[in-house]
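S.K.: One file: work-v2.txt (compact mmCIF, C-alpha atoms and all ligand atoms).
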```txt
# COMPACT_ATOMS: atom_id res chain seq x y z
CA MET N 184 249.83 79.80 106.98
CA LYS N 185 249.54 76.03 107.35
CA ASP N 186 251.45 76.16 110.65
CA LYS N 187 248.69 78.23 112.20
CA LEU N 188 245.84 75.90 111.31
CA HIS N 189 243.65 74.34 113.97
CA PHE N 190 244.19 70.66 114.72
CA ASN N 191 241.15 69.56 112.69
CA SER N 192 242.68 71.18 109.59
CA GLN N 193 246.23 70.07 110.34
CA THR N 194 245.19 66.42 110.07
CA ILE N 195 244.31 67.14 106.42
CA HIS N 196 246.82 69.82 105.42
CA GLY N 197 249.65 69.81 107.98
CA GLY N 198 253.02 69.46 106.27
CA GLN N 199 251.32 68.52 103.00
CA GLU N 200 251.94 69.90 99.50
CA PRO N 201 250.75 68.51 96.17
CA ASP N 202 253.33 66.09 94.77
CA LYS N 203 256.10 67.91 92.92
CA ALA N 204 256.11 65.71 89.80
CA TYR N 205 252.48 66.00 88.56
CA GLY N 206 250.62 67.83 91.31
CA ALA N 207 248.97 64.69 92.70
CA VAL N 208 246.96 65.80 95.76
CA MET N 209 247.64 62.53 97.56
CA PRO N 210 251.30 61.52 97.40
CA PRO N 211 251.89 58.64 95.01
CA ILE N 212 253.05 55.33 96.45
CA TYR N 213 256.71 55.56 95.42
CA GLN N 214 257.26 51.82 95.26
CA THR N 215 260.96 52.06 94.50
CA SER N 216 264.11 51.08 96.35
CA THR N 217 266.46 53.41 94.49
CA TYR N 218 266.65 56.64 92.45
CA ALA N 219 268.54 57.50 89.24
CA GLN N 220 271.60 59.74 89.65
CA THR N 221 273.01 61.90 86.86
CA THR N 222 276.53 61.77 88.28
CA PRO N 223 277.64 60.10 91.55
CA GLY N 224 275.80 62.03 94.27
CA GLY N 225 273.80 63.96 91.65
CA HIS N 226 270.19 63.27 92.69
CA LYS N 227 266.96 65.05 93.63
CA GLY N 228 267.24 64.44 97.38
CA PHE N 229 266.53 60.71 97.27
CA GLU N 230 269.18 58.00 96.96
CA TYR N 231 267.86 54.84 98.54
CA SER N 232 264.48 54.15 100.14
CA ARG N 233 265.76 52.96 103.53
CA THR N 234 267.20 56.46 103.94
CA HIS N 235 264.41 58.51 102.31
CA ASN N 236 261.28 57.83 100.33
CA PRO N 237 258.87 60.55 99.12
CA THR N 238 255.74 58.75 100.36
CA ARG N 239 257.33 58.20 103.76
CA GLN N 240 258.48 61.81 103.83
CA ALA N 241 254.91 63.02 103.19
CA LEU N 242 253.71 60.88 106.12
CA GLU N 243 256.53 62.07 108.38
CA ARG N 244 255.68 65.70 107.68
CA ALA N 245 252.04 65.04 108.57
CA LEU N 246 253.08 63.23 111.76
CA ALA N 247 255.28 66.15 112.83
CA SER N 248 252.44 68.58 112.20
CA ILE N 249 249.75 66.77 114.23
CA GLU N 250 252.11 66.14 117.16
CA ALA N 251 253.22 69.79 117.27
CA GLY N 252 256.77 68.70 116.49
CA GLU N 253 259.45 69.63 114.04
CA PHE N 254 260.96 66.24 113.23
CA ALA N 255 259.13 62.95 112.64
CA PHE N 256 260.29 59.44 111.79
CA ALA N 257 258.20 56.50 110.61
CA PHE N 258 259.05 52.90 111.47
CA GLY N 259 257.87 49.44 110.48
CA SER N 260 255.83 49.10 113.71
CA GLY N 261 255.23 50.81 117.04
CA LEU N 262 257.72 48.48 118.67
CA ALA N 263 260.33 49.26 116.00
CA ALA N 264 259.88 52.95 116.90
CA MET N 265 260.40 52.14 120.60
CA ASP N 266 263.41 50.04 119.70
CA ALA N 267 264.96 53.10 118.02
CA VAL N 268 264.40 55.16 121.19
CA LEU N 269 266.14 52.52 123.32
CA LYS N 270 269.12 52.63 120.95
CA LEU N 271 269.74 56.19 122.17
CA LEU N 272 270.95 54.54 125.42
CA LYS N 273 274.14 52.75 126.45
CA PRO N 274 274.86 49.72 128.66
CA GLY N 275 274.54 50.75 132.31
CA ASP N 276 271.84 53.33 131.62
CA GLU N 277 268.55 53.01 133.49
CA VAL N 278 264.98 53.69 132.41
CA ILE N 279 262.02 54.36 134.69
CA SER N 280 258.74 53.28 133.16
CA THR N 281 255.08 53.36 134.14
CA ASP N 282 254.11 50.02 135.70
CA ASP N 283 250.85 49.54 133.77
CA LEU N 284 252.39 49.06 130.34
CA TYR N 285 251.60 47.63 126.90
CA GLY N 286 252.72 43.97 127.04
CA GLY N 287 254.93 44.24 123.96
CA SER N 288 256.74 47.25 125.43
CA TYR N 289 257.35 45.33 128.67
CA ARG N 290 258.69 42.40 126.65
CA LEU N 291 261.04 44.62 124.60
CA PHE N 292 262.39 46.23 127.78
CA THR N 293 262.84 43.10 129.88
CA LYS N 294 263.51 40.35 127.33
CA ILE N 295 265.74 42.22 124.85
CA TYR N 296 267.29 45.35 126.35
CA GLU N 297 267.99 43.98 129.84
CA ASP N 298 270.38 41.58 128.05
CA PHE N 299 272.17 44.59 126.55
CA GLY N 300 272.82 45.99 130.02
CA ILE N 301 270.02 48.57 130.18
CA HIS N 302 267.99 48.39 133.39
CA PHE N 303 264.30 49.13 133.82
CA HIS N 304 262.29 50.15 136.86
CA PHE N 305 258.50 49.94 136.74
CA VAL N 306 256.82 52.42 139.05
CA ASN N 307 253.35 53.75 139.73
CA MET N 308 253.29 57.32 138.41
CA ALA N 309 249.92 58.31 139.90
CA SER N 310 252.09 60.76 141.85
CA THR N 311 255.74 61.66 141.21
CA ASP N 312 256.91 60.23 144.59
CA ALA N 313 257.78 56.75 143.31
CA LEU N 314 259.39 58.29 140.22
CA ASN N 315 261.60 60.57 142.32
CA ALA N 316 262.54 57.65 144.58
CA ALA N 317 263.63 55.50 141.62
CA ILE N 318 265.97 58.11 140.09
CA ASN N 319 269.71 57.49 140.55
CA GLU N 320 272.91 58.61 138.83
CA ASN N 321 272.40 56.06 136.02
CA THR N 322 268.87 57.12 135.14
CA ARG N 323 268.68 58.48 131.59
CA MET N 324 265.09 58.19 130.49
CA VAL N 325 261.51 58.08 131.72
CA TRP N 326 258.93 56.14 129.68
CA VAL N 327 255.27 57.07 130.13
CA GLU N 328 252.18 55.46 128.67
CA THR N 329 248.89 57.31 129.28
CA PRO N 330 246.06 56.34 129.37
CA THR N 331 247.26 52.86 130.28
CA ASN N 332 246.05 49.53 129.01
CA PRO N 333 243.64 48.08 130.14
CA MET N 334 243.02 50.02 133.39
CA MET N 335 242.87 53.49 131.74
CA ASN N 336 245.04 55.11 134.40
CA VAL N 337 245.97 58.66 133.42
CA ILE N 338 249.41 60.05 134.25
CA ASP N 339 250.09 63.76 134.61
CA ILE N 340 252.61 64.34 131.79
CA LYS N 341 253.38 67.93 132.89
CA ALA N 342 254.23 66.81 136.43
CA VAL N 343 256.50 64.01 135.16
CA ALA N 344 258.10 66.42 132.65
CA ALA N 345 258.94 68.84 135.49
CA VAL N 346 260.80 66.06 137.33
CA CYS N 347 262.62 65.06 134.12
CA LYS N 348 263.64 68.66 133.40
CA SER N 349 265.07 69.16 136.88
CA LYS N 350 267.06 65.90 136.69
CA GLU N 351 268.03 66.24 132.98
CA LEU N 352 266.28 63.01 131.98
CA LEU N 353 264.76 62.27 128.60
CA LEU N 354 260.98 61.94 128.68
CA ALA N 355 259.33 59.70 126.08
CA VAL N 356 255.54 59.33 125.94
CA ASP N 357 253.64 56.53 124.21
CA ASN N 358 250.64 58.49 122.88
CA THR N 359 248.98 55.53 121.14
CA PHE N 360 245.83 55.33 123.30
CA ALA N 361 245.10 59.06 123.30
CA SER N 362 246.22 60.12 119.82
CA PRO N 363 247.21 63.79 119.28
CA TYR N 364 243.50 64.65 118.99
CA LEU N 365 243.29 64.21 122.77
CA GLN N 366 246.74 65.29 123.92
CA GLN N 367 250.05 66.48 122.42
CA PRO N 368 252.81 65.36 124.81
CA LEU N 369 255.52 67.61 123.28
CA LEU N 370 253.45 70.64 124.35
CA LEU N 371 253.28 69.17 127.86
CA GLY N 372 257.06 68.88 128.14
CA ALA N 373 257.92 65.49 126.63
CA ASP N 374 261.09 65.16 124.51
CA ILE N 375 259.86 62.32 122.30
CA VAL N 376 256.35 61.18 121.45
CA MET N 377 255.90 57.65 120.19
CA HIS N 378 252.95 56.04 118.38
CA SER N 379 251.79 52.68 117.32
CA ALA N 380 250.18 54.30 114.27
CA THR N 381 248.69 50.83 113.74
CA LYS N 382 245.92 51.98 116.08
CA TYR N 383 244.09 55.36 115.94
CA LEU N 384 246.39 57.21 113.51
CA ALA N 385 245.95 54.74 110.65
CA GLY N 386 242.59 53.87 112.17
CA HIS N 387 241.31 51.11 109.87
CA SER N 388 243.03 47.97 111.21
CA ASP N 389 244.84 47.47 107.92
CA VAL N 390 248.44 48.49 108.60
CA ILE N 391 251.29 48.03 111.12
CA LEU N 392 253.38 51.21 111.52
CA GLY N 393 255.15 53.22 114.21
CA SER N 394 256.41 56.76 114.63
CA LEU N 395 258.55 59.10 116.71
CA VAL N 396 258.26 62.89 116.84
CA THR N 397 260.55 65.38 118.59
CA ASN N 398 261.39 69.09 118.65
CA ASP N 399 264.97 68.53 119.71
CA LYS N 400 267.39 68.90 116.79
CA HIS N 401 270.12 66.83 118.42
CA LEU N 402 267.71 63.99 119.26
CA ALA N 403 266.29 64.17 115.72
CA GLU N 404 269.77 63.74 114.25
CA ARG N 405 270.38 60.68 116.42
CA ILE N 406 266.97 59.14 115.69
CA GLY N 407 267.35 59.79 111.95
CA PHE N 408 270.75 58.12 112.06
CA ILE N 409 269.31 55.10 113.91
CA GLN N 410 266.32 54.90 111.54
CA ASN N 411 268.68 54.62 108.57
CA ALA N 412 271.44 52.60 110.23
CA SER N 413 269.14 49.99 111.82
CA GLY N 414 266.68 50.13 108.95
CA ALA N 415 263.30 49.30 110.54
CA VAL N 416 261.43 51.50 108.05
CA PRO N 417 257.87 51.06 106.74
CA GLY N 418 257.13 50.48 103.05
CA PRO N 419 255.56 53.23 100.92
CA MET N 420 252.16 51.50 100.70
CA ASP N 421 251.86 51.42 104.52
CA CYS N 422 252.94 55.07 104.69
CA PHE N 423 250.24 55.97 102.16
CA LEU N 424 247.56 54.13 104.14
CA THR N 425 248.61 55.79 107.40
CA LEU N 426 248.61 59.24 105.81
CA ARG N 427 245.15 58.57 104.41
CA GLY N 428 244.01 57.50 107.89
CA ILE N 429 245.38 60.64 109.55
CA LYS N 430 243.19 62.82 107.31
CA THR N 431 240.07 61.62 109.15
CA LEU N 432 241.64 61.28 112.62
CA HIS N 433 239.67 64.18 114.11
CA VAL N 434 236.25 63.04 112.88
CA ARG N 435 236.89 59.44 113.89
CA MET N 436 238.20 60.40 117.33
CA GLN N 437 235.23 62.65 118.01
CA ARG N 438 232.86 59.74 117.34
CA HIS N 439 235.03 57.23 119.24
CA CYS N 440 234.81 59.51 122.28
CA GLU N 441 231.07 60.17 121.95
CA ASN N 442 230.29 56.47 121.60
CA ALA N 443 232.57 55.52 124.50
CA ALA N 444 230.89 58.13 126.72
CA GLN N 445 227.46 56.69 125.99
CA ILE N 446 228.63 53.12 126.54
CA ALA N 447 230.44 54.07 129.77
CA ASN N 448 227.23 55.67 131.08
CA TYR N 449 225.12 52.73 129.94
CA LEU N 450 227.41 50.22 131.68
CA THR N 451 227.70 52.34 134.84
CA SER N 452 223.93 52.33 135.31
CA HIS N 453 223.53 48.64 134.38
CA PRO N 454 222.52 46.49 137.40
CA LYS N 455 224.70 43.58 136.23
CA ILE N 456 227.92 45.64 135.93
CA GLU N 457 230.23 46.02 138.88
CA LYS N 458 232.94 48.40 137.64
CA VAL N 459 233.60 50.60 134.62
CA TYR N 460 237.03 52.09 133.86
CA TRP N 461 236.88 55.13 131.57
CA PRO N 462 238.71 58.40 132.40
CA GLY N 463 235.63 60.48 131.56
CA LEU N 464 233.63 59.08 134.48
CA GLU N 465 233.64 61.33 137.54
CA GLY N 466 234.38 58.36 139.77
CA HIS N 467 237.53 57.46 137.80
CA PRO N 468 240.55 57.87 140.11
CA ASN N 469 242.39 60.12 137.61
CA HIS N 470 239.37 62.02 136.28
CA THR N 471 240.73 65.41 137.38
CA VAL N 472 244.09 64.91 135.65
CA ALA N 473 242.35 63.54 132.56
CA LYS N 474 240.06 66.56 132.41
CA ALA N 475 242.98 68.97 132.62
CA GLN N 476 245.28 67.10 130.27
CA MET N 477 243.04 65.64 127.58
CA ASN N 478 240.58 67.28 125.17
CA ASP N 479 238.19 64.34 125.59
CA PHE N 480 238.45 60.89 127.14
CA GLY N 481 239.05 58.45 124.31
CA GLY N 482 237.42 55.37 122.87
CA MET N 483 238.93 52.71 125.15
CA LEU N 484 237.17 51.39 128.23
CA SER N 485 237.18 48.32 130.46
CA PHE N 486 234.49 46.84 132.71
CA VAL N 487 233.83 44.02 135.15
CA PRO N 488 230.43 42.29 135.18
CA LYS N 489 228.98 41.57 138.66
CA GLY N 490 229.86 38.13 140.00
CA ALA N 491 231.70 37.18 136.81
CA ASN N 492 234.78 34.97 136.68
CA TYR N 493 237.26 33.97 133.98
CA ASN N 494 234.78 31.71 132.18
CA THR N 495 231.68 33.88 132.40
CA ALA N 496 233.63 36.92 131.16
CA ILE N 497 234.74 34.89 128.15
CA GLN N 498 231.11 33.74 127.63
CA ILE N 499 229.96 37.37 127.48
CA ILE N 500 232.67 38.26 124.97
CA GLU N 501 231.81 35.26 122.81
CA LYS N 502 228.12 36.29 122.77
CA LEU N 503 228.97 39.70 121.29
CA LYS N 504 228.07 39.88 117.61
CA LEU N 505 228.98 43.41 116.50
CA PHE N 506 232.07 43.72 118.73
CA THR N 507 234.71 41.44 117.22
CA LEU N 508 236.85 39.40 119.60
CA ALA N 509 240.37 40.50 118.64
CA GLU N 510 243.63 42.01 119.83
CA SER N 511 244.48 45.61 118.86
CA LEU N 512 242.38 48.77 119.05
CA GLY N 513 241.72 52.12 117.46
CA GLY N 514 240.06 50.97 114.24
CA VAL N 515 236.66 52.12 112.99
CA GLU N 516 235.11 48.80 114.04
CA SER N 517 234.43 47.90 117.67
CA LEU N 518 236.55 45.20 119.26
CA ALA N 519 236.31 43.34 122.56
CA GLY N 520 239.13 41.61 124.38
CA HIS N 521 239.83 39.61 127.52
CA PRO N 522 243.11 40.94 128.96
CA ALA N 523 243.63 38.07 131.45
CA SER N 524 243.76 35.47 128.64
CA MET N 525 244.97 37.68 125.78
CA THR N 526 247.16 40.79 126.12
CA HIS N 527 248.10 40.20 129.78
CA ALA N 528 248.26 36.39 129.85
CA SER N 529 252.06 36.44 130.21
CA ILE N 530 251.88 38.50 133.43
CA PRO N 531 251.52 36.33 136.59
CA LYS N 532 247.94 36.37 137.97
CA ASN N 533 248.84 37.89 141.36
CA ILE N 534 250.84 40.71 139.72
CA ARG N 535 248.19 41.50 137.13
CA GLU N 536 245.41 41.48 139.76
CA GLN N 537 247.32 44.02 141.86
CA SER N 538 246.87 46.54 139.06
CA GLY N 539 243.19 45.61 138.62
CA VAL N 540 243.44 43.19 135.69
CA VAL N 541 241.13 40.59 137.24
CA ASP N 542 239.92 37.46 135.41
CA ALA N 543 236.50 39.03 134.75
CA LEU N 544 237.81 42.27 133.20
CA ILE N 545 236.58 42.94 129.64
CA ARG N 546 238.20 45.58 127.43
CA LEU N 547 236.41 47.41 124.63
CA SER N 548 237.83 49.41 121.77
CA VAL N 549 234.68 51.37 120.95
CA GLY N 550 234.36 51.94 117.21
CA ILE N 551 232.43 54.53 115.25
CA GLU N 552 229.31 52.48 114.44
CA ASP N 553 225.85 53.75 115.48
CA VAL N 554 226.07 53.57 119.26
CA ARG N 555 222.51 52.19 119.52
CA ASP N 556 223.68 49.04 117.76
CA LEU N 557 226.72 48.76 120.04
CA ILE N 558 224.59 49.13 123.18
CA ALA N 559 222.04 46.59 121.87
CA ASP N 560 224.89 44.14 121.30
CA LEU N 561 226.23 44.64 124.84
CA GLU N 562 222.67 44.35 126.23
CA GLN N 563 222.06 40.91 124.70
CA ALA N 564 225.53 39.64 125.67
CA ILE N 565 225.28 40.78 129.30
CA ALA N 566 221.73 39.43 129.67
C1 LIG J 601 250.04 48.31 119.88
C2 LIG J 601 250.81 49.12 120.83
C3 LIG J 601 252.21 49.20 120.76
C4 LIG J 601 253.01 48.41 119.76
O1 LIG J 601 252.76 48.83 118.45
P1 LIG J 601 252.88 47.87 117.16
O2 LIG J 601 252.49 48.76 116.05
O3 LIG J 601 251.93 46.72 117.40
O4 LIG J 601 254.29 47.41 117.10
C5 LIG J 601 252.86 50.01 121.66
N1 LIG J 601 252.19 50.71 122.61
C6 LIG J 601 250.84 50.65 122.72
C7 LIG J 601 250.16 51.44 123.78
C8 LIG J 601 250.11 49.86 121.84
O5 LIG J 601 248.77 49.78 121.96
```
Can you present the structure in this file as structure tokens?
M.R.:
Amino acid sequence: MKDKLHFNSQTIHGGQEPDKAYGAVMPPIYQTSTYAQTTPGGHKGFEYSRTHNPTRQALERALASIEAGEFAFAFGSGLAAMDAVLKLLKPGDEVISTDDLYGGSYRLFTKIYEDFGIHFHFVNMASTDALNAAINENTRMVWVETPTNPMMNVIDIKAVAAVCKSKELLLAVDNTFASPYLQQPLLLGADIVMHSATKYLAGHSDVILGSLVTNDKHLAERIGFIQNASGAVPGPMDCFLTLRGIKTLHVRMQRHCENAAQIANYLTSHPKIEKVYWPGLEGHPNHTVAKAQMNDFGGMLSFVPKGANYNTAIQIIEKLKLFTLAESLGGVESLAGHPASMTHASIPKNIREQSGVVDALIRLSVGIEDVRDLIADLEQAIA
């Protein structure tokens, strides 16, 4: 029966059973490294907590449920989850990635895995032309992030999946910005969906955790092997917090989206604002794809004040009182960031400006406060 639930019930019940020992409704935090055996190999399914832990297992079952997958794996961070995906590859293999990419993902690809003989191509996936052109006999995997950070470009997952199917390439999608409330990549043809659960899934800016979900049994066996063999697993406390966060994902996401819509409209009609990037706006270059692919448009948006430069953009951010100046996103509280000096500082200015990340760009992670207070805060900072 639980398989047939709607998404807004799956977040609470999907994959979940009361704890077997005492019927605890929330799984206890099994803060243990090992489990008693009656005879060598005689145990209740748990031997050692790198391999399996009941709290982690409860989280993994919830993750599988909300991503419409069969197999889920939790990791110590989003990047640790990505790292496990890259370990599916061998020297000489090539990966084609979206060009507008989370900085840490770009760093993992280029600064770690290039040295292990895996090659990366970064292409614009607004259409599949550049993707098709980059495929060669060594291509094994396509990595997609959508919506992208901080420009909120939306990539058509179904269209990319069709190319991957025809060329027998693995398709992995970083679903961190959207969350499964907005889109479920496995249903759109992806083989693996990855999350920095640090963001919307956990949702309270109090945990670092990553996850992978797949429907492919063979891939699941490999990923499970890598999870145990490489050992980048999260502790039970972090699993508990993430599971607790997932239970309110749908109500939080609904409010994130509503607030972002109001702020996007407010900024669009503001005389001192030049540009607003939010996929829900009709003028957004990928609005049509976003409308078809996503259930709503998310809580992330970026904007450029008129006539602003590096310094005046920073001045506006520093004047904000309710929006906290900080990295990260997806928590209940609103955050503001300056990509040119923060998340994208390591990318050369001319390259970052080509994709729209100008010095005056300001990024908001719109929280779930009363939107009137958020707009009042923006009003006084922009004035
Ligand atoms: C934060 C983030 C990551 C990395 O996740 P961590 O949990 O910080 O390791 C990967 N992709 C995206 C889109 C992110 O926002």
S.K.: Record the distance separating atom CA of N:Gly206 and atom CA of N:His226, expressed in Å with one decimal.
M.R.: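 Atom CA of N:His226 lies at a distance of 20.1 Å from atom CA of N:Gly206.
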S.K.: Can you write out as CSV which residues of chain N fall within 8 Å of ligand LIG 601 (chain J), alongside each residue's closest atom pair and its distance in Å to one decimal, counting all atoms listed in the file and ordering rows by chain and ascending residue number?
M.R.:
```
residue,atom,partner,partner_atom,distance
N:Gly259,CA,J:LIG601,O2,7.8
N:Ser260,CA,J:LIG601,O4,4.1
N:Gly261,CA,J:LIG601,O1,3.5
N:Leu262,CA,J:LIG601,O4,3.9
N:Ala263,CA,J:LIG601,O4,6.4
N:Ala264,CA,J:LIG601,O4,7.9
N:Met265,CA,J:LIG601,C5,7.9
N:Leu284,CA,J:LIG601,C7,7.3
N:Tyr285,CA,J:LIG601,C7,5.1
N:Gly287,CA,J:LIG601,C4,6.2
N:Ser288,CA,J:LIG601,C5,6.1
N:Glu328,CA,J:LIG601,C7,6.6
N:Thr331,CA,J:LIG601,C7,7.3
N:Asn332,CA,J:LIG601,C7,6.9
N:Asp357,CA,J:LIG601,C7,6.2
N:Asn358,CA,J:LIG601,C7,7.1
N:Thr359,CA,J:LIG601,C7,5.0
N:Phe360,CA,J:LIG601,C7,5.8
N:His378,CA,J:LIG601,N1,6.8
N:Ser379,CA,J:LIG601,O1,4.1
N:Ala380,CA,J:LIG601,O2,6.3
N:Thr381,CA,J:LIG601,O2,4.9
N:Lys382,CA,J:LIG601,C1,6.7
N:Ile391,CA,J:LIG601,O2,5.1
N:Leu392,CA,J:LIG601,O2,5.2
N:Gly393,CA,J:LIG601,O2,5.5
N:Ser511,CA,J:LIG601,C1,6.3
N:Leu512,CA,J:LIG601,O5,7.1
```
S.K.: Just the selected residues (C-alpha atoms), exported as a CSV table (one decimal), in the frame of the given file, please.
M.R.:
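Full text of out-v8.csv as output:
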```csv
chain,number,residue,atom,x,y,z
N,259,GLY,CA,257.9,49.4,110.5
N,260,SER,CA,255.8,49.1,113.7
N,261,GLY,CA,255.2,50.8,117.0
N,262,LEU,CA,257.7,48.5,118.7
N,263,ALA,CA,260.3,49.3,116.0
N,264,ALA,CA,259.9,53.0,116.9
N,265,MET,CA,260.4,52.1,120.6
N,284,LEU,CA,252.4,49.1,130.3
N,285,TYR,CA,251.6,47.6,126.9
N,287,GLY,CA,254.9,44.2,124.0
N,288,SER,CA,256.7,47.2,125.4
N,328,GLU,CA,252.2,55.5,128.7
N,331,THR,CA,247.3,52.9,130.3
N,332,ASN,CA,246.0,49.5,129.0
N,357,ASP,CA,253.6,56.5,124.2
N,358,ASN,CA,250.6,58.5,122.9
N,359,THR,CA,249.0,55.5,121.1
N,360,PHE,CA,245.8,55.3,123.3
N,378,HIS,CA,253.0,56.0,118.4
N,379,SER,CA,251.8,52.7,117.3
N,380,ALA,CA,250.2,54.3,114.3
N,381,THR,CA,248.7,50.8,113.7
N,382,LYS,CA,245.9,52.0,116.1
N,391,ILE,CA,251.3,48.0,111.1
N,392,LEU,CA,253.4,51.2,111.5
N,393,GLY,CA,255.2,53.2,114.2
N,511,SER,CA,244.5,45.6,118.9
N,512,LEU,CA,242.4,48.8,119.0
```
S.K.: Identify, on the basis of all atoms listed in the file, every residue whose closest approach to N:Asp553 does not exceed 10 Å; exclude the query and any residue fewer than 3 positions from it along the same chain; express the result as a list in words.
M.R.: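 Near neighbours after the sequence-gap exclusion: Arg438, Asn442, Gly550, Asp556, Leu557 and Ile558 of chain N.
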S.K.: Please write the residues from the selection above to a file, keeping C-alpha atoms, as a JSON list (two decimals), in the coordinates of the input.
M.R.:
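After the write, again_20.json holds the following:
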```json
[["chain", "number", "residue", "atom", "x", "y", "z"],
["N", 438, "ARG", "CA", 232.86, 59.74, 117.34],
["N", 442, "ASN", "CA", 230.29, 56.47, 121.60],
["N", 550, "GLY", "CA", 234.36, 51.94, 117.21],
["N", 556, "ASP", "CA", 223.68, 49.04, 117.76],
["N", 557, "LEU", "CA", 226.72, 48.76, 120.04],
["N", 558, "ILE", "CA", 224.59, 49.13, 123.18]]
```
S.K.: For a quick check of your reading of the model, name the residues lying within 10 Å of the coordinate (271.4, 47.3, 125.1), counting all atoms listed in the file, and write them as a list in words.
M.R.: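 Answer for this query, in the requested form: Leu269, Lys270, Leu271, Leu272, Lys273, Pro274, Gly275, Asp276, Phe292, Ile295, Tyr296, Glu297, Asp298, Phe299, Gly300, Ile301 and His302 of chain N.
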S.K.: Hey, what's within 12 Å of N:His433 if we count only C-alpha atoms and toss same-chain stuff fewer than 4 positions away? As a list in words, please?
M.R.: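 Selected residues are His189, Phe190, Asn191, Ser192, Gln193, Thr194, Ile195, Ile249, Ala361, Ser362, Pro363, Tyr364, Leu365, Tyr383, Leu384, Ala385, Gly386, Gly428, Ile429, Gln437, Arg438, His439, Cys440, Asn478, Asp479 and Gly481 of chain N.
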S.K.: Can you measure atom CA of N:Ala255 to atom CA of N:Lys400 for me? One decimal in Å is fine.
M.R.: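 One can read the atom CA of N:Ala255 to atom CA of N:Lys400 distance as 11.0 Å.
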S.K.: Stretch 493-543 of chain N near stretch 335-353 of chain N within 12 Å: what's each residue's closest atom pair and its distance in Å to one decimal, counting all atoms listed in the file, ordered by chain then ascending residue number, as JSON lines?
M.R.:
```
{"residue": "N:Ser538", "atom": "CA", "partner": "N:Asn336", "partner_atom": "CA", "distance": 9.9}
{"residue": "N:Gly539", "atom": "CA", "partner": "N:Met335", "partner_atom": "CA", "distance": 10.5}
{"residue": "N:Val540", "atom": "CA", "partner": "N:Met335", "partner_atom": "CA", "distance": 11.0}
```
S.K.: Could you dump the residues just selected with C-alpha atoms as an mmCIF file, keeping the file's coordinate frame?
M.R.:
```
data_model
loop_
_atom_site.group_PDB
_atom_site.id
_atom_site.type_symbol
_atom_site.label_atom_id
_atom_site.label_comp_id
_atom_site.auth_asym_id
_atom_site.auth_seq_id
_atom_site.Cartn_x
_atom_site.Cartn_y
_atom_site.Cartn_z
ATOM 1 C CA SER N 538 246.870 46.540 139.060
ATOM 2 C CA GLY N 539 243.190 45.610 138.620
ATOM 3 C CA VAL N 540 243.440 43.190 135.690
#
```
